[in-house]
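> Contents of final_34.tsv (TSV, C-alpha atoms) are given next:
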chain	number	residue	atom	x	y	z
A	1	MET	CA	93.42	133.40	132.64
A	2	LYS	CA	94.92	136.86	132.92
A	3	LYS	CA	97.79	137.94	130.71
A	4	GLU	CA	100.24	138.07	133.61
A	5	ASP	CA	99.23	134.53	134.71
A	6	VAL	CA	100.16	132.83	131.43
A	7	PRO	CA	102.71	130.11	132.33
A	8	GLN	CA	106.33	130.84	131.43
A	9	ASP	CA	107.90	127.51	132.44
A	10	LEU	CA	110.65	126.40	130.10
A	11	GLY	CA	109.05	123.71	127.95
A	12	ALA	CA	110.46	121.16	125.54
A	13	LEU	CA	110.43	123.70	122.71
A	14	GLY	CA	110.97	126.76	124.90
A	15	LYS	CA	114.43	127.49	123.52
A	16	ILE	CA	113.23	127.11	119.93
A	17	THR	CA	109.78	128.62	119.81
A	18	LYS	CA	106.99	130.07	121.90
A	19	GLU	CA	103.36	129.08	122.16
A	20	VAL	CA	100.50	131.51	121.59
A	21	CYS	CA	97.92	131.47	124.38
A	22	TYR	CA	94.71	133.41	124.82
A	23	ALA	CA	94.38	135.49	127.95
A	24	THR	CA	92.45	138.48	129.20
A	25	ASP	CA	94.03	141.91	129.46
A	26	ASP	CA	93.44	144.54	132.16
A	27	SER	CA	90.11	145.54	130.62
A	28	GLY	CA	88.87	141.92	130.45
A	29	LYS	CA	89.17	141.58	126.66
A	30	TYR	CA	90.76	138.50	125.09
A	31	THR	CA	94.20	138.95	123.66
A	32	THR	CA	97.15	136.76	122.76
A	33	GLN	CA	100.17	136.22	124.96
A	34	LEU	CA	103.35	134.30	124.22
A	35	SER	CA	104.32	131.49	126.58
A	36	ASN	CA	107.65	129.70	126.94
A	37	GLY	CA	105.77	126.58	128.04
A	38	TRP	CA	103.92	125.03	130.91
A	39	GLU	CA	105.40	122.43	133.22
A	40	VAL	CA	102.20	120.36	133.33
A	41	LYS	CA	102.02	120.23	129.54
A	42	SER	CA	105.72	119.36	129.25
A	43	THR	CA	105.31	116.53	131.75
A	44	ALA	CA	102.32	115.14	129.83
A	45	LEU	CA	104.22	115.30	126.53
A	46	ASP	CA	107.29	113.66	128.06
A	47	THR	CA	105.12	110.84	129.39
A	48	ALA	CA	103.47	110.34	126.00
A	49	TRP	CA	106.84	110.21	124.20
A	50	GLN	CA	108.16	107.77	126.80
A	51	GLN	CA	105.24	105.46	126.00
A	52	VAL	CA	106.01	105.77	122.27
A	53	GLU	CA	109.65	104.84	122.91
A	54	GLU	CA	108.51	101.81	124.95
A	55	ARG	CA	106.25	100.67	122.09
A	56	ILE	CA	109.13	101.03	119.62
A	57	ALA	CA	111.43	98.99	121.88
A	58	ALA	CA	108.75	96.31	122.33
A	59	ALA	CA	108.21	96.13	118.56
A	60	LYS	CA	111.95	95.79	117.96
A	61	GLN	CA	112.18	92.98	120.50
A	62	LYS	CA	109.21	91.22	118.91
A	63	VAL	CA	110.94	91.37	115.52
A	64	LEU	CA	114.19	90.09	117.01
A	65	ASN	CA	112.24	87.20	118.58
A	66	ASN	CA	110.79	86.39	115.13
A	67	GLY	CA	107.30	87.31	116.29
A	68	ALA	CA	106.78	89.99	113.66
A	69	SER	CA	108.40	91.44	110.56
A	70	PRO	CA	110.47	94.65	110.59
A	71	ILE	CA	107.42	96.44	109.23
A	72	LEU	CA	106.04	96.49	112.80
A	73	PHE	CA	109.15	98.29	114.07
A	74	PHE	CA	108.99	100.95	111.38
A	75	MET	CA	105.23	101.36	111.84
A	76	GLU	CA	105.75	102.11	115.53
A	77	LYS	CA	108.72	104.37	114.76
A	78	GLY	CA	106.60	106.30	112.26
A	79	LEU	CA	103.59	106.48	114.59
A	80	MET	CA	101.49	104.56	112.07
A	81	ASP	CA	98.84	101.90	112.31
A	82	ILE	CA	97.78	99.35	109.70
A	83	GLN	CA	95.19	101.64	108.16
A	84	ILE	CA	97.64	104.52	107.73
A	85	LEU	CA	100.36	102.26	106.33
A	86	ALA	CA	97.92	100.68	103.91
A	87	GLY	CA	96.99	104.15	102.69
A	88	TYR	CA	100.61	105.13	102.10
A	89	THR	CA	101.63	101.88	100.39
A	90	GLY	CA	98.50	101.22	98.36
A	91	PHE	CA	98.24	97.71	99.84
A	92	TRP	CA	94.98	96.50	101.33
A	93	GLN	CA	94.86	96.42	105.14
A	94	TRP	CA	94.65	92.63	105.12
A	95	GLN	CA	97.83	92.53	103.02
A	96	VAL	CA	99.70	94.76	105.48
A	97	LYS	CA	98.55	92.51	108.35
A	98	ARG	CA	99.83	89.52	106.42
A	99	HIS	CA	103.16	91.25	105.68
A	100	LEU	CA	103.64	91.67	109.44
A	101	LYS	CA	104.26	87.91	109.65
A	102	PRO	CA	108.00	87.12	109.40
A	103	ASP	CA	107.54	84.18	107.00
A	104	VAL	CA	105.40	86.22	104.64
A	105	PHE	CA	107.73	89.23	104.87
A	106	ASN	CA	110.76	87.09	103.99
A	107	ASN	CA	109.04	86.04	100.76
A	108	LEU	CA	107.89	89.50	99.63
A	109	SER	CA	109.00	90.66	96.22
A	110	TYR	CA	111.63	93.36	95.97
A	111	LYS	CA	109.00	95.69	94.47
A	112	LYS	CA	106.77	95.33	97.54
A	113	LEU	CA	109.73	95.82	99.87
A	114	GLU	CA	110.59	98.98	97.93
A	115	LYS	CA	107.11	100.38	98.60
A	116	TYR	CA	107.55	99.87	102.32
A	117	ALA	CA	111.10	101.23	102.27
A	118	GLU	CA	109.94	104.35	100.43
A	119	VAL	CA	107.17	105.00	102.97
A	120	PHE	CA	109.59	104.55	105.88
A	121	ASN	CA	112.28	106.58	104.10
A	122	VAL	CA	114.90	103.82	104.33
A	123	SER	CA	116.59	101.47	101.89
A	124	VAL	CA	115.34	97.93	101.40
A	125	ALA	CA	118.48	96.67	103.17
A	126	ASP	CA	117.78	98.98	106.12
A	127	LEU	CA	114.15	97.82	106.16
A	128	LYS	CA	115.26	94.20	106.49
A	129	THR	CA	117.78	94.96	109.26
A	130	MET	CA	115.77	97.63	111.10
A	131	THR	CA	118.53	100.18	110.54
A	132	VAL	CA	117.43	103.74	111.19
A	133	ASN	CA	119.43	106.60	109.71
A	134	GLU	CA	118.20	109.65	111.57
A	135	ALA	CA	119.20	112.99	110.10
As a first step, turn the structure in this file into structure tokens.

Amino acid sequence: MKKEDVPQDLGALGKITKEVCYATDDSGKYTTQLSNGWEVKSTALDTAWQQVEERIAAAKQKVLNNGASPILFFMEKGLMDIQILAGYTGFWQWQVKRHLKPDVFNNLSYKKLEKYAEVFNVSVADLKTMTVNEA
């Protein structure tokens, strides 16, 4: 792509930052060019984030229906899976899977709940009630 053809559509971060793209100059050599964004890329990112929000909403509803523990909600909110959460908490993956069950979660020790709360950056009370304090 030529330097003058680098997209300058206002993207999601266009007002905050610019993206570095590689393009060819008039002599055909590669150089860098700043871009405000690209509509196609912004649309793809918006679609991906919409899917994330849908997964978070579905997880919250599952918890409210007593189909899972609040850990599922915070995992989705934090874009984590069982393997990642196990790595952060120090629990085995099978333990995290077990803790996703509401009955098991309700009987977890305060110390175990603290580990999860620390990973999700919430208090134990917020963990139990799915309260998110976004800063």
> With distances taken over only C-alpha atoms, which residue among A:Ile84, A:Lys41, A:Phe74, A:Glu114 lies nearest Asn133 (chain A)?
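Nearest candidate to Asn133 (chain A) out of A:Ile84, A:Lys41, A:Phe74, A:Glu114: A:Phe74.
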> What is the CA of Lys60 (chain A)-CA of Val132 (chain A) distance in Å, reported with one decimal?
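So the two atoms, CA of Lys60 (chain A) and CA of Val132 (chain A), lie 11.8 Å apart.
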> Neighbouring residues of Pro7 (chain A) were defined as those with any atom within 8 Å, considering only C-alpha atoms; residues of the same chain fewer than 4 positions away were excluded. Please report them as a VMD selection string.
chain A and resid 35 to 38
> Taking all atoms listed in the file into account, name the residue in A:Trp94, A:Trp49, A:Leu85, A:Glu4 that is nearest to Thr32 (chain A).
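Checking each candidate against Thr32 (chain A), we get A:Glu4 as the closest.
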> Which residues, protein or nucleic acid, reach to within 12 Å of (102.5, 121.9, 129.8) in the file's coordinates when using only C-alpha atoms, and can you give that as a ChimeraX atom specification?
/A:6-14,19,21,35-47
> What's the 7 Å shell around Pro102 (chain A), counting all atoms listed in the file, without same-chain residues fewer than 2 positions away, as a count of residues only?
8
> For Asp5 (chain A), list every protein, DNA or RNA residue within 10 Å, evaluated using all atoms listed in the file, and leave out those in the same chain fewer than 2 positions away; present the list as a list in words.
Met1, Lys2, Lys3, Pro7, Gln8, Ala23, Thr24 and Gln33 of chain A
> Let me see the file: selected residues, C-alpha atoms, as a JSON list (two decimals), in the coordinates of the input.

[["chain", "number", "residue", "atom", "x", "y", "z"],
["A", 1, "MET", "CA", 93.42, 133.40, 132.64],
["A", 2, "LYS", "CA", 94.92, 136.86, 132.92],
["A", 3, "LYS", "CA", 97.79, 137.94, 130.71],
["A", 7, "PRO", "CA", 102.71, 130.11, 132.33],
["A", 8, "GLN", "CA", 106.33, 130.84, 131.43],
["A", 23, "ALA", "CA", 94.38, 135.49, 127.95],
["A", 24, "THR", "CA", 92.45, 138.48, 129.20],
["A", 33, "GLN", "CA", 100.17, 136.22, 124.96]]
> From the set A:Ile16, A:Leu108, A:Val52, A:Leu34, which residue has the shortest atom-to-atom contact distance to Ile71 (chain A), counting only C-alpha atoms?
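Closest candidate: A:Leu108.
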> Please, what distance in Å, to one decimal, runs between CA of Ala58 (chain A) and CA of Asp103 (chain A)?
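That distance, rounded to one decimal, is 19.6 Å.
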